[in-house]
file data-v2.cif (mmCIF, C-alpha atoms)
data_target
loop_
_atom_site.label_atom_id
_atom_site.label_comp_id
_atom_site.auth_asym_id
_atom_site.auth_seq_id
_atom_site.Cartn_x
_atom_site.Cartn_y
_atom_site.Cartn_z
CA MET A 458 -27.32 -6.49 -1.05
CA LEU A 459 -24.29 -8.72 -1.71
CA ASN A 460 -25.51 -9.23 -5.27
CA PHE A 461 -25.35 -5.48 -5.82
CA VAL A 462 -21.84 -5.32 -4.31
CA LEU A 463 -20.71 -8.16 -6.57
CA ILE A 464 -22.10 -6.32 -9.61
CA LEU A 465 -20.07 -3.22 -8.64
CA VAL A 466 -16.94 -5.36 -8.21
CA PHE A 467 -17.47 -7.07 -11.56
CA ILE A 468 -17.81 -3.70 -13.29
CA SER A 469 -14.49 -2.63 -11.76
CA ILE A 470 -12.86 -5.87 -12.90
CA ILE A 471 -14.08 -5.19 -16.44
CA LEU A 472 -12.73 -1.61 -16.31
CA GLY A 473 -9.36 -2.86 -15.02
CA ALA A 474 -9.23 -5.52 -17.74
CA PHE A 475 -10.01 -2.85 -20.33
CA ARG A 476 -6.93 -0.88 -19.27
CA PHE A 477 -4.92 -4.10 -19.10
CA PHE A 478 -5.66 -5.01 -22.72
CA LYS A 479 -5.58 -1.46 -24.08
CA GLY A 480 -2.69 0.04 -22.06
CA PRO A 481 -0.30 1.66 -24.55
CA SER A 482 2.90 0.77 -22.67
CA SER A 483 3.88 -2.20 -20.53
CA PRO A 484 4.02 -0.16 -17.27
CA ASP A 485 0.37 0.75 -17.95
CA ARG A 486 -0.45 -2.93 -18.08
CA VAL A 487 1.42 -3.53 -14.82
CA VAL A 488 -0.58 -0.77 -13.10
CA ALA A 489 -3.78 -2.32 -14.42
CA LEU A 490 -2.61 -5.72 -13.20
CA ASP A 491 -1.86 -4.31 -9.75
CA THR A 492 -5.33 -2.77 -9.44
CA LEU A 493 -6.97 -5.84 -10.94
CA THR A 494 -5.36 -8.26 -8.49
CA THR A 495 -6.33 -6.10 -5.50
CA VAL A 496 -9.92 -6.06 -6.74
CA LEU A 497 -9.80 -9.82 -7.31
CA SER A 498 -8.53 -10.58 -3.81
CA VAL A 499 -11.35 -8.46 -2.38
CA THR A 500 -13.73 -10.41 -4.60
CA PHE A 501 -12.49 -13.62 -3.00
CA VAL A 502 -13.16 -12.23 0.48
CA ILE A 503 -16.66 -11.08 -0.47
CA GLY A 504 -17.15 -14.46 -2.14
CA ALA A 505 -16.23 -16.13 1.15
CA LEU A 506 -19.12 -14.28 2.75
CA PHE A 507 -21.42 -14.96 -0.21
CA PHE A 508 -20.82 -18.73 -0.29
CA ASP A 509 -20.16 -18.88 3.48
CA ASN A 510 -16.92 -20.74 2.80
CA LYS A 511 -13.81 -20.07 4.90
CA VAL A 512 -11.38 -21.54 2.37
CA LEU A 513 -11.82 -18.54 0.06
CA LEU A 514 -10.19 -16.31 2.72
CA ASP A 515 -7.00 -18.37 2.53
CA ILE A 516 -7.14 -18.26 -1.26
CA SER A 517 -7.46 -14.47 -1.09
CA PHE A 518 -4.44 -14.15 1.21
CA VAL A 519 -2.22 -16.32 -0.98
CA PHE A 520 -3.48 -14.52 -4.08
CA ALA A 521 -2.64 -11.11 -2.58
CA ALA A 522 0.86 -12.30 -1.63
CA LEU A 523 1.53 -13.77 -5.06
CA SER A 524 0.25 -10.69 -6.90
CA PHE A 525 2.44 -8.44 -4.76
CA THR A 526 5.55 -10.48 -5.58
CA SER A 527 4.66 -10.65 -9.26
CA VAL A 528 4.18 -6.87 -9.47
CA ILE A 529 7.53 -6.28 -7.74
CA VAL A 530 9.30 -8.78 -10.00
CA ILE A 531 7.80 -7.33 -13.20
CA SER A 532 8.65 -3.76 -12.24
CA ARG A 533 12.21 -4.77 -11.30
CA TYR A 534 12.49 -6.41 -14.69
CA LEU A 535 11.25 -3.26 -16.45
CA GLU A 536 13.68 -1.14 -14.42
CA GLY A 537 16.67 -3.24 -15.41
CA ASP A 538 15.58 -3.28 -19.03
CA ASN A 539 16.91 0.13 -19.93
CA SER A 540 19.80 0.86 -17.61
CA MET B 607 23.66 -16.87 16.17
CA ASN B 608 21.80 -13.96 17.62
CA LEU B 609 19.38 -15.59 20.04
CA LYS B 610 17.38 -12.49 20.92
CA LYS B 611 16.72 -11.66 17.30
CA PHE B 612 15.81 -15.29 16.53
CA LEU B 613 13.38 -15.47 19.44
CA SER B 614 11.63 -12.22 18.58
CA THR B 615 11.23 -13.29 14.95
CA PHE B 616 9.85 -16.63 16.14
CA LEU B 617 7.38 -14.95 18.50
CA ILE B 618 6.13 -12.54 15.84
CA TYR B 619 5.55 -15.41 13.40
CA LEU B 620 3.75 -17.40 16.08
CA VAL B 621 1.48 -14.48 17.00
CA PHE B 622 0.57 -13.98 13.34
CA TRP B 623 -0.07 -17.71 12.91
CA THR B 624 -2.35 -17.83 15.94
CA ALA B 625 -4.25 -14.73 14.85
CA TYR B 626 -4.61 -16.07 11.34
CA THR B 627 -5.92 -19.48 12.32
CA SER B 628 -7.97 -17.80 15.13
CA SER B 629 -7.94 -20.98 17.21
CA LEU B 630 -6.10 -22.24 20.29
CA LYS B 631 -6.47 -25.95 19.50
CA GLN B 632 -3.43 -28.02 20.43
CA GLU B 633 -2.71 -29.38 16.97
CA GLU B 634 -3.00 -25.94 15.34
CA LEU B 635 -0.60 -24.45 17.89
CA LEU B 636 1.85 -27.34 17.48
CA ILE B 637 1.96 -26.96 13.69
CA GLY B 638 2.31 -23.20 14.18
CA ILE B 639 5.28 -23.65 16.51
CA ILE B 640 7.01 -26.05 14.10
CA ILE B 641 6.43 -23.83 11.05
CA SER B 642 7.45 -20.59 12.82
CA PHE B 643 10.57 -22.31 14.21
CA PHE B 644 11.83 -23.36 10.79
CA LEU B 645 10.75 -20.12 9.08
CA SER B 646 12.51 -17.96 11.65
CA LEU B 647 15.57 -20.24 11.47
CA PHE B 648 15.88 -19.44 7.77
CA THR B 649 14.76 -15.81 7.76
CA TYR B 650 15.80 -14.13 11.01
CA LYS B 651 19.02 -12.89 9.43
CA SER B 652 17.16 -10.72 6.91
CA PHE B 653 15.53 -8.51 9.55
CA SER B 654 17.65 -5.58 10.58
CA GLN B 655 17.97 -4.48 14.16
CA GLN B 656 18.40 -0.91 15.20
CA LYS B 657 18.85 1.13 18.31
CA SER B 658 16.23 3.72 19.12
CA ASP B 659 16.61 6.83 21.27
CA ASN B 660 13.03 6.62 22.50
CA ASN B 661 11.82 4.22 25.13
CA ILE B 662 9.22 1.59 24.36
CA LEU B 663 6.31 3.45 25.98
CA LYS B 664 6.85 6.58 23.94
CA ARG B 665 7.14 4.53 20.75
CA LEU B 666 3.92 2.66 21.50
CA LEU B 667 2.04 5.88 22.33
CA SER B 668 3.15 7.62 19.17
CA PHE B 669 2.19 4.53 17.16
CA ILE B 670 -1.30 4.62 18.65
CA ALA B 671 -1.55 8.35 17.96
CA TYR B 672 -0.38 7.72 14.40
CA ILE B 673 -3.19 5.34 13.40
CA PRO B 674 -6.18 7.75 13.52
CA ILE B 675 -4.20 10.48 11.73
CA PHE B 676 -3.26 8.00 9.02
CA ILE B 677 -6.83 6.78 8.59
CA THR B 678 -8.36 10.28 8.40
CA GLU B 679 -5.70 11.32 5.86
CA MET B 680 -6.41 8.20 3.83
CA VAL B 681 -10.17 8.83 3.76
CA LYS B 682 -9.55 12.46 2.77
CA ALA B 683 -7.19 11.27 0.02
CA ASN B 684 -9.80 8.95 -1.39
CA ILE B 685 -12.59 11.50 -1.41
CA ASP B 686 -10.18 13.87 -3.15
CA VAL B 687 -9.20 11.33 -5.82
CA ALA B 688 -12.82 10.26 -6.25
CA GLN B 689 -13.84 13.86 -6.94
CA ARG B 690 -11.11 14.21 -9.54
CA VAL B 691 -12.05 10.94 -11.25
CA ILE B 692 -15.77 11.70 -11.41
CA ASN B 693 -15.33 15.31 -12.54
CA PRO B 694 -15.67 15.30 -16.35
CA LYS B 695 -12.97 17.96 -16.74
CA LEU B 696 -10.31 15.92 -14.85
CA PRO B 697 -8.81 18.82 -12.82
CA ILE B 698 -5.17 17.79 -12.47
CA ASN B 699 -1.95 19.80 -12.41
CA PRO B 700 0.85 17.29 -11.82
CA GLY B 701 4.46 17.98 -10.95
CA ILE B 702 7.37 16.18 -9.30
CA VAL B 703 8.83 17.80 -6.17
CA LYS B 704 11.69 17.07 -3.81
CA ILE B 705 10.90 16.96 -0.10
CA PRO B 706 13.73 16.78 2.44
CA THR B 707 13.19 14.72 5.58
CA LYS B 708 15.08 14.62 8.84
CA LEU B 709 14.20 11.02 9.68
CA LYS B 710 17.27 8.80 9.99
CA SER B 711 15.91 5.28 10.44
CA GLU B 712 15.20 3.21 7.33
CA TYR B 713 11.95 1.90 8.78
CA ALA B 714 10.76 5.42 9.53
CA LYS B 715 11.49 6.43 5.95
CA LEU B 716 9.59 3.38 4.68
CA PHE B 717 6.58 4.31 6.82
CA LEU B 718 6.76 7.92 5.66
CA ALA B 719 6.98 6.93 1.99
CA ASN B 720 4.06 4.52 2.30
CA SER B 721 1.94 7.07 4.17
CA ILE B 722 2.67 9.73 1.58
CA THR B 723 1.67 7.35 -1.20
CA LEU B 724 -1.66 6.69 0.47
CA THR B 725 -2.53 10.33 1.22
CA PRO B 726 -4.04 13.13 -0.89
CA GLY B 727 -2.71 13.31 -4.43
CA THR B 728 0.87 12.34 -3.69
CA LEU B 729 2.93 9.36 -4.85
CA THR B 730 6.48 8.62 -3.72
CA LEU B 731 8.72 8.02 -6.71
CA ASP B 732 12.04 7.47 -4.99
CA VAL B 733 13.80 7.79 -1.66
CA LYS B 734 17.44 8.83 -1.87
CA ASP B 735 19.45 9.65 1.26
CA GLN B 736 17.45 12.37 3.03
CA ASN B 737 15.21 13.33 0.11
CA LEU B 738 11.87 12.03 -1.08
CA TYR B 739 10.81 12.55 -4.69
CA ILE B 740 7.07 12.93 -4.94
CA HIS B 741 4.69 12.98 -7.87
CA TRP B 742 1.99 15.45 -6.89
CA ILE B 743 -1.32 15.35 -8.72
CA ASP B 744 -2.22 18.96 -7.91
CA LEU B 745 0.79 21.19 -7.44
CA SER B 746 -0.73 24.02 -5.47
CA SER B 747 2.36 25.93 -4.33
CA GLU B 748 5.93 26.40 -5.49
CA ASP B 749 7.20 27.37 -2.05
CA LYS B 750 9.28 24.56 -0.56
CA LYS B 751 8.17 25.22 3.00
CA ILE B 752 4.48 25.11 2.17
CA GLN B 753 4.99 21.95 0.10
CA LYS B 754 6.71 20.23 3.01
CA GLU B 755 3.99 21.40 5.37
CA ILE B 756 1.23 19.98 3.20
CA ILE B 757 2.90 16.68 2.36
CA SER B 758 5.02 15.34 5.17
CA ASP B 759 4.99 17.41 8.37
CA LYS B 760 1.95 15.82 10.00
CA PHE B 761 3.46 12.33 9.71
CA GLU B 762 7.05 13.21 10.51
CA LYS B 763 6.24 14.43 14.03
CA HIS B 764 4.79 11.06 15.03
CA LEU B 765 7.29 8.94 13.13
CA GLU B 766 10.12 10.65 14.98
CA GLY B 767 8.70 9.33 18.23
CA MET B 768 8.03 5.91 16.78
CA PHE B 769 11.53 4.95 15.64
CA MET C 181 -24.86 -8.41 16.62
CA ILE C 182 -27.31 -6.96 14.11
CA ILE C 183 -25.71 -3.54 14.44
CA LEU C 184 -22.29 -5.06 13.72
CA SER C 185 -23.50 -6.83 10.62
CA ILE C 186 -25.32 -3.74 9.32
CA LEU C 187 -22.11 -1.74 9.84
CA GLY C 188 -20.22 -4.51 8.06
CA TYR C 189 -22.53 -4.42 5.05
CA ILE C 190 -22.23 -0.62 4.87
CA LEU C 191 -18.43 -0.93 4.91
CA ILE C 192 -18.55 -3.57 2.16
CA LEU C 193 -20.73 -1.29 0.04
CA ILE C 194 -18.41 1.73 0.56
CA GLY C 195 -15.42 -0.46 -0.21
CA SER C 196 -16.84 -1.74 -3.47
CA ILE C 197 -17.76 1.81 -4.54
CA PHE C 198 -14.14 2.86 -3.94
CA LEU C 199 -12.90 -0.16 -5.90
CA LEU C 200 -15.14 0.91 -8.78
CA LEU C 201 -13.80 4.49 -8.58
CA GLY C 202 -10.22 3.22 -8.57
CA SER C 203 -10.79 1.17 -11.72
CA LEU C 204 -12.60 4.10 -13.32
CA GLY C 205 -9.53 6.19 -12.42
CA ILE C 206 -7.08 3.93 -14.21
CA VAL C 207 -9.30 4.06 -17.30
CA ARG C 208 -9.86 7.83 -17.30
CA MET C 209 -6.56 9.35 -16.17
CA PRO C 210 -4.34 10.74 -18.94
CA ASP C 211 -0.90 9.40 -18.01
CA LEU C 212 0.75 6.55 -16.15
CA TYR C 213 1.59 8.34 -12.91
CA ASN C 214 -1.91 9.71 -12.42
CA ARG C 215 -3.26 6.23 -13.13
CA ILE C 216 -1.03 4.84 -10.39
CA GLN C 217 -2.34 7.53 -8.03
CA ALA C 218 -5.98 6.71 -8.67
CA GLY C 219 -5.37 2.96 -8.82
CA THR C 220 -3.43 2.65 -5.58
CA LYS C 221 -5.27 4.99 -3.25
CA ALA C 222 -8.83 4.15 -4.10
CA THR C 223 -8.30 0.40 -4.30
CA THR C 224 -6.34 0.30 -1.03
CA LEU C 225 -9.08 2.04 0.95
CA GLY C 226 -11.72 0.04 -0.90
CA ALA C 227 -9.99 -3.23 -0.06
CA LEU C 228 -9.44 -2.20 3.57
CA SER C 229 -13.05 -1.20 4.08
CA ALA C 230 -14.60 -4.17 2.25
CA ILE C 231 -12.41 -6.78 3.95
CA ILE C 232 -12.93 -5.33 7.45
CA GLY C 233 -16.64 -5.20 6.60
CA VAL C 234 -16.66 -8.94 5.91
CA GLY C 235 -14.86 -9.43 9.23
CA LEU C 236 -17.60 -7.51 11.04
CA VAL C 237 -20.39 -9.51 9.42
CA GLN C 238 -18.68 -12.79 10.41
CA PRO C 239 -17.03 -12.01 13.78
CA GLU C 240 -15.19 -15.36 13.99
CA TRP C 241 -13.30 -14.41 10.81
CA PHE C 242 -12.37 -10.98 12.14
CA LEU C 243 -8.68 -11.60 12.99
CA LYS C 244 -8.11 -13.39 9.70
CA THR C 245 -9.65 -10.58 7.66
CA LEU C 246 -7.69 -8.04 9.71
CA ILE C 247 -4.43 -9.74 8.72
CA ILE C 248 -5.43 -9.87 5.04
CA ALA C 249 -6.39 -6.16 5.14
CA LEU C 250 -3.14 -5.25 6.91
CA PHE C 251 -1.16 -7.16 4.32
CA ILE C 252 -2.88 -5.36 1.43
CA VAL C 253 -2.47 -1.93 3.07
CA LEU C 254 1.25 -2.53 3.68
CA THR C 255 2.12 -4.04 0.30
CA ASN C 256 0.02 -1.98 -2.13
CA PRO C 257 1.94 1.31 -1.78
CA ILE C 258 5.27 -0.53 -2.08
CA GLY C 259 4.12 -2.14 -5.30
CA SER C 260 2.90 1.10 -6.83
CA HIS C 261 6.04 2.93 -5.73
CA SER C 262 8.13 0.24 -7.40
CA ILE C 263 6.15 0.50 -10.65
CA ALA C 264 6.39 4.30 -10.62
CA ARG C 265 10.16 4.32 -10.15
CA SER C 266 10.84 1.60 -12.70
CA SER C 267 8.68 3.23 -15.35
CA TYR C 268 10.34 6.59 -14.71
CA LYS C 269 13.75 4.99 -15.13
CA SER C 270 12.71 3.07 -18.24
CA GLY C 271 11.77 6.40 -19.79
CA VAL C 272 7.99 6.89 -19.48
CA LYS C 273 7.57 10.66 -19.49
CA PRO C 274 4.98 12.11 -17.11
CA ILE C 275 2.50 14.71 -18.32
CA LEU C 276 3.43 17.75 -16.24
CA THR C 277 1.25 20.78 -16.73
CA SER C 278 3.21 22.65 -14.07
CA GLN C 279 6.56 21.89 -15.78
CA ILE C 280 8.17 21.15 -12.41
CA ASP C 281 10.27 17.99 -12.29
CA GLN C 282 12.88 18.05 -9.55
CA TYR C 283 13.50 14.32 -9.83
CA LYS C 284 14.83 14.54 -13.38
CA ASP C 285 17.70 16.93 -12.55
CA LYS C 286 18.80 14.87 -9.59
CA TYR C 287 18.44 11.58 -11.41
CA VAL C 288 20.31 12.69 -14.52
CA THR C 289 23.23 14.20 -12.59
CA LYS C 290 23.41 11.15 -10.32
CA GLU C 291 23.61 8.80 -13.29
CA SER C 292 26.35 10.78 -15.04
CA SER C 293 28.43 10.93 -11.86
CA ASP C 294 28.07 7.15 -11.55
CA GLU C 295 29.50 6.64 -15.00
CA LYS C 296 32.66 8.57 -14.19
#
call {"tool": "encode", "arguments": {"input": "data-v2.cif", "output": "structure tokens"}}
result
Amino acid sequence: MLNFVLILVFISIILGAFRFFKGPSSPDRVVALDTLTTVLSVTFVIGALFFDNKVLLDISFVFAALSFTSVIVISRYLEGDNS
Amino acid sequence: MNLKKFLSTFLIYLVFWTAYTSSLKQEELLIGIIISFFLSLFTYKSFSQQKSDNNILKRLLSFIAYIPIFITEMVKANIDVAQRVINPKLPINPGIVKIPTKLKSEYAKLFLANSITLTPGTLTLDVKDQNLYIHWIDLSSEDKKIQKEIISDKFEKHLEGMF
Amino acid sequence: MIILSILGYILILIGSIFLLLGSLGIVRMPDLYNRIQAGTKATTLGALSAIIGVGLVQPEWFLKTLIIALFIVLTNPIGSHSIARSSYKSGVKPILTSQIDQYKDKYVTKESSDEK
């Protein structure tokens, strides 16, 4: 059951990475990054259940916080770029 | 120093710490108290305080009434987007519309913007004064009243009571 | 107990399906703003459902997972809103089949009045 779920999640990571590397403009890459980091933090939580290891939950929380700040910082940077 | 504001910030941090560690052990609580004390010392100034016309009971009740509405809208939104993504023809008809709101409080506007972003086919681009600019994936009507009815009315009622 | 964990596994499965649909959305959609729509909505519900599901399977983790889920639900729309606005201002044109763009008029006039 969890193996199947992890396969689904890995497919979505590959799709997100595809958009991240292909994305014609930099905002496209940021959107892909945003989606990718959300998927990755869910992967950590599912991994916590899979390996029965509580530490991965903390990693997921910190990862989500860091990805949120990085997305905000990058989009602020892009906004200031042209004005 | 605003003691009431400091104390409420401290208490909120402590509650989150206790819920996050999910334990009532003495050492955990002690570390939590120390960390929340210093964090709230440095950050309590950045939270804004505001007066509300509604009493606390009404705000709590409208918050509780808001949650199921939000969750059903979110599930509907996702089924909608899922259908569009799976459909090989990609049925989209995007446009950007302006929706006026009568909410005054900044927090209420934040909640409204976030809720609109998470509900069917709409994405908040910007909030300026009393207007929200919304990217709509399927522009079904050009009438302003109907647009407002579809997008924001169901949330606005409850948010008015909440803030 | 068993009912809770079965419910949890169902939620995890639904969540991962929505994550997959969200990623499929950002690959398939034709322009940036539609990609943001698909990416944000589907992944937020997917994350919420999968994380709460894990909390139901392991009840002693429930509060922790609830806080993580709450954090993701609160921050994800802010992030996508920020990307959308910044890319609009840095000049990424949306594909608009309906030709309606009420933000442009307002934004352009606002900018020119600022310059004066």
call {"tool": "residues_around", "arguments": {"input": "data-v2.cif", "residues": "region 463-473 of chain A", "least_positions_apart": "3", "cutoff": "6 Å", "atoms": "all atoms listed in the file", "output": "NGL selection string"}}
result
(:A and (460 or 476 or 489 or 493)) or (:C and (196 or 200 or 203))
call {"tool": "closest_residue", "arguments": {"input": "data-v2.cif", "among": "C:Pro257, C:Gly233, C:Gly271, C:Gly188", "to": "chain B", "atoms": "only C-alpha atoms"}}
result
C:Pro257
call {"tool": "residues_near_point", "arguments": {"input": "data-v2.cif", "point": "(-8.7, -20.4, -4.8)", "cutoff": "8 Å", "atoms": "only C-alpha atoms", "output": "list in words"}}
result
Phe501, Val512, Leu513, Asp515, Ile516, Ser517 and Phe520 of chain A
call {"tool": "closest_residue", "arguments": {"input": "data-v2.cif", "among": "B:Gln736, B:Thr627, B:Ser711, B:Thr678", "to": "chain C", "atoms": "all atoms listed in the file"}}
result
B:Thr627
call {"tool": "atom_distance", "arguments": {"input": "data-v2.cif", "atom1": "CA of His741 (chain B)", "atom2": "CA of Pro697 (chain B)"}}
result
15.5 Å
call {"tool": "closest_residue", "arguments": {"input": "data-v2.cif", "among": "A:Met458, A:Leu506, A:Val519, A:Ile531", "to": "Asp491 (chain A)", "atoms": "all atoms listed in the file"}}
result
A:Ile531
call {"tool": "atom_distance", "arguments": {"input": "data-v2.cif", "atom1": "CA of Ser532 (chain A)", "atom2": "CA of Leu212 (chain C)"}}
result
13.6 Å
call {"tool": "residues_around", "arguments": {"input": "data-v2.cif", "residues": "Phe717 (chain B)", "least_positions_apart": "2", "cutoff": "12 Å", "atoms": "only C-alpha atoms", "output": "ChimeraX atom specification"}}
result
/B:669,672-673,676,709,711-715,719-724,730,733,758,761-762,764-766,768-769 /C:253-255,257-258
call {"tool": "write_last_selection", "arguments": {"input": "data-v2.cif", "atoms": "C-alpha atoms", "output": "PDB file, keeping the file's coordinate frame"}}
result
ATOM      1  CA  PHE B 669       2.190   4.530  17.160  1.00  0.00           C
ATOM      2  CA  TYR B 672      -0.380   7.720  14.400  1.00  0.00           C
ATOM      3  CA  ILE B 673      -3.190   5.340  13.400  1.00  0.00           C
ATOM      4  CA  PHE B 676      -3.260   8.000   9.020  1.00  0.00           C
ATOM      5  CA  LEU B 709      14.200  11.020   9.680  1.00  0.00           C
ATOM      6  CA  SER B 711      15.910   5.280  10.440  1.00  0.00           C
ATOM      7  CA  GLU B 712      15.200   3.210   7.330  1.00  0.00           C
ATOM      8  CA  TYR B 713      11.950   1.900   8.780  1.00  0.00           C
ATOM      9  CA  ALA B 714      10.760   5.420   9.530  1.00  0.00           C
ATOM     10  CA  LYS B 715      11.490   6.430   5.950  1.00  0.00           C
ATOM     11  CA  ALA B 719       6.980   6.930   1.990  1.00  0.00           C
ATOM     12  CA  ASN B 720       4.060   4.520   2.300  1.00  0.00           C
ATOM     13  CA  SER B 721       1.940   7.070   4.170  1.00  0.00           C
ATOM     14  CA  ILE B 722       2.670   9.730   1.580  1.00  0.00           C
ATOM     15  CA  THR B 723       1.670   7.350  -1.200  1.00  0.00           C
ATOM     16  CA  LEU B 724      -1.660   6.690   0.470  1.00  0.00           C
ATOM     17  CA  THR B 730       6.480   8.620  -3.720  1.00  0.00           C
ATOM     18  CA  VAL B 733      13.800   7.790  -1.660  1.00  0.00           C
ATOM     19  CA  SER B 758       5.020  15.340   5.170  1.00  0.00           C
ATOM     20  CA  PHE B 761       3.460  12.330   9.710  1.00  0.00           C
ATOM     21  CA  GLU B 762       7.050  13.210  10.510  1.00  0.00           C
ATOM     22  CA  HIS B 764       4.790  11.060  15.030  1.00  0.00           C
ATOM     23  CA  LEU B 765       7.290   8.940  13.130  1.00  0.00           C
ATOM     24  CA  GLU B 766      10.120  10.650  14.980  1.00  0.00           C
ATOM     25  CA  MET B 768       8.030   5.910  16.780  1.00  0.00           C
ATOM     26  CA  PHE B 769      11.530   4.950  15.640  1.00  0.00           C
TER      27      PHE B 769
ATOM     28  CA  VAL C 253      -2.470  -1.930   3.070  1.00  0.00           C
ATOM     29  CA  LEU C 254       1.250  -2.530   3.680  1.00  0.00           C
ATOM     30  CA  THR C 255       2.120  -4.040   0.300  1.00  0.00           C
ATOM     31  CA  PRO C 257       1.940   1.310  -1.780  1.00  0.00           C
ATOM     32  CA  ILE C 258       5.270  -0.530  -2.080  1.00  0.00           C
TER      33      ILE C 258
END
call {"tool": "closest_atom_pairs", "arguments": {"input": "data-v2.cif", "of": "chain B", "to": "chain C", "cutoff": "10 Å", "atoms": "all atoms listed in the file", "output": "tab-separated table"}}
result
residue	atom	partner	partner_atom	distance
B:Phe622	CA	C:Ile247	CA	8.0
B:Trp623	CA	C:Lys244	CA	9.7
B:Thr624	CA	C:Leu243	CA	9.4
B:Ala625	CA	C:Leu243	CA	5.7
B:Tyr626	CA	C:Lys244	CA	4.7
B:Thr627	CA	C:Lys244	CA	7.0
B:Ser628	CA	C:Leu243	CA	6.6
B:Ser629	CA	C:Glu240	CA	9.7
B:Ile677	CA	C:Leu225	CA	9.3
B:Met680	CA	C:Leu225	CA	7.3
B:Val681	CA	C:Leu225	CA	7.4
B:Ala683	CA	C:Lys221	CA	7.3
B:Asn684	CA	C:Ala222	CA	5.6
B:Ile685	CA	C:Ala222	CA	8.7
B:Asp686	CA	C:Ala222	CA	9.9
B:Val687	CA	C:Ala218	CA	6.3
B:Ala688	CA	C:Leu201	CA	6.3
B:Gln689	CA	C:Leu201	CA	9.5
B:Arg690	CA	C:Gly205	CA	8.7
B:Val691	CA	C:Gly205	CA	5.5
B:Ile692	CA	C:Leu201	CA	8.0
B:Pro694	CA	C:Arg208	CA	9.5
B:Leu696	CA	C:Met209	CA	7.7
B:Ile698	CA	C:Thr277	CA	8.3
B:Asn699	CA	C:Thr277	CA	5.5
B:Pro700	CA	C:Leu276	CA	5.1
B:Gly701	CA	C:Ile280	CA	5.1
B:Ile702	CA	C:Asp281	CA	4.5
B:Val703	CA	C:Gln282	CA	5.3
B:Lys704	CA	C:Gln282	CA	5.9
B:Ile705	CA	C:Gln282	CA	9.7
B:Leu716	CA	C:Ile258	CA	8.9
B:Phe717	CA	C:Leu254	CA	9.2
B:Ala719	CA	C:Pro257	CA	8.4
B:Asn720	CA	C:Pro257	CA	5.6
B:Ser721	CA	C:Pro257	CA	8.3
B:Ile722	CA	C:Pro257	CA	9.1
B:Thr723	CA	C:Pro257	CA	6.1
B:Leu724	CA	C:Lys221	CA	5.5
B:Thr725	CA	C:Lys221	CA	7.5
B:Pro726	CA	C:Lys221	CA	8.6
B:Gly727	CA	C:Gln217	CA	6.8
B:Thr728	CA	C:Gln217	CA	7.2
B:Leu729	CA	C:Gln217	CA	6.4
B:Thr730	CA	C:His261	CA	6.1
B:Leu731	CA	C:Arg265	CA	5.3
B:Asp732	CA	C:Arg265	CA	6.3
B:Val733	CA	C:Arg265	CA	9.9
B:Lys734	CA	C:Lys286	CA	9.9
B:Leu738	CA	C:Tyr283	CA	9.2
B:Tyr739	CA	C:Tyr283	CA	6.1
B:Ile740	CA	C:Tyr283	CA	8.2
B:His741	CA	C:Tyr213	CA	7.5
B:Trp742	CA	C:Asn214	CA	8.9
B:Ile743	CA	C:Asn214	CA	6.8
B:Asp744	CA	C:Ser278	CA	9.0
B:Leu745	CA	C:Ser278	CA	7.2
B:Ser746	CA	C:Ser278	CA	9.6
B:Glu748	CA	C:Ile280	CA	9.0
call {"tool": "closest_residue", "arguments": {"input": "data-v2.cif", "among": "C:Ile186, C:Leu199, C:Leu228, C:Ile192", "to": "Leu459 (chain A)", "atoms": "only C-alpha atoms"}}
result
C:Ile192
call {"tool": "atom_distance", "arguments": {"input": "data-v2.cif", "atom1": "CA of Glu755 (chain B)", "atom2": "CA of Phe251 (chain C)"}}
result
29.0 Å
call {"tool": "build_atoms", "arguments": {"input": "data-v2.cif", "residues": "region 184-189 of chain C", "atoms": "N, CA, C and O atoms", "output": "compact mmCIF listing (two decimals), keeping the file's coordinate frame"}}
result
# COMPACT_ATOMS: atom_id res chain seq x y z
N LEU C 184 -23.60 -4.75 14.30
CA LEU C 184 -22.29 -5.06 13.72
C LEU C 184 -22.43 -5.49 12.27
O LEU C 184 -21.70 -5.03 11.39
N SER C 185 -23.43 -6.35 12.00
CA SER C 185 -23.50 -6.83 10.62
C SER C 185 -24.02 -5.75 9.68
O SER C 185 -23.60 -5.68 8.53
N ILE C 186 -24.90 -4.86 10.19
CA ILE C 186 -25.32 -3.74 9.32
C ILE C 186 -24.14 -2.85 9.00
O ILE C 186 -23.88 -2.48 7.84
N LEU C 187 -23.32 -2.55 10.05
CA LEU C 187 -22.11 -1.74 9.84
C LEU C 187 -21.19 -2.42 8.84
O LEU C 187 -20.62 -1.78 7.94
N GLY C 188 -21.07 -3.75 8.98
CA GLY C 188 -20.22 -4.51 8.06
C GLY C 188 -20.69 -4.38 6.63
O GLY C 188 -19.89 -4.13 5.73
N TYR C 189 -22.02 -4.53 6.42
CA TYR C 189 -22.53 -4.42 5.05
C TYR C 189 -22.32 -3.02 4.48
O TYR C 189 -21.99 -2.86 3.30
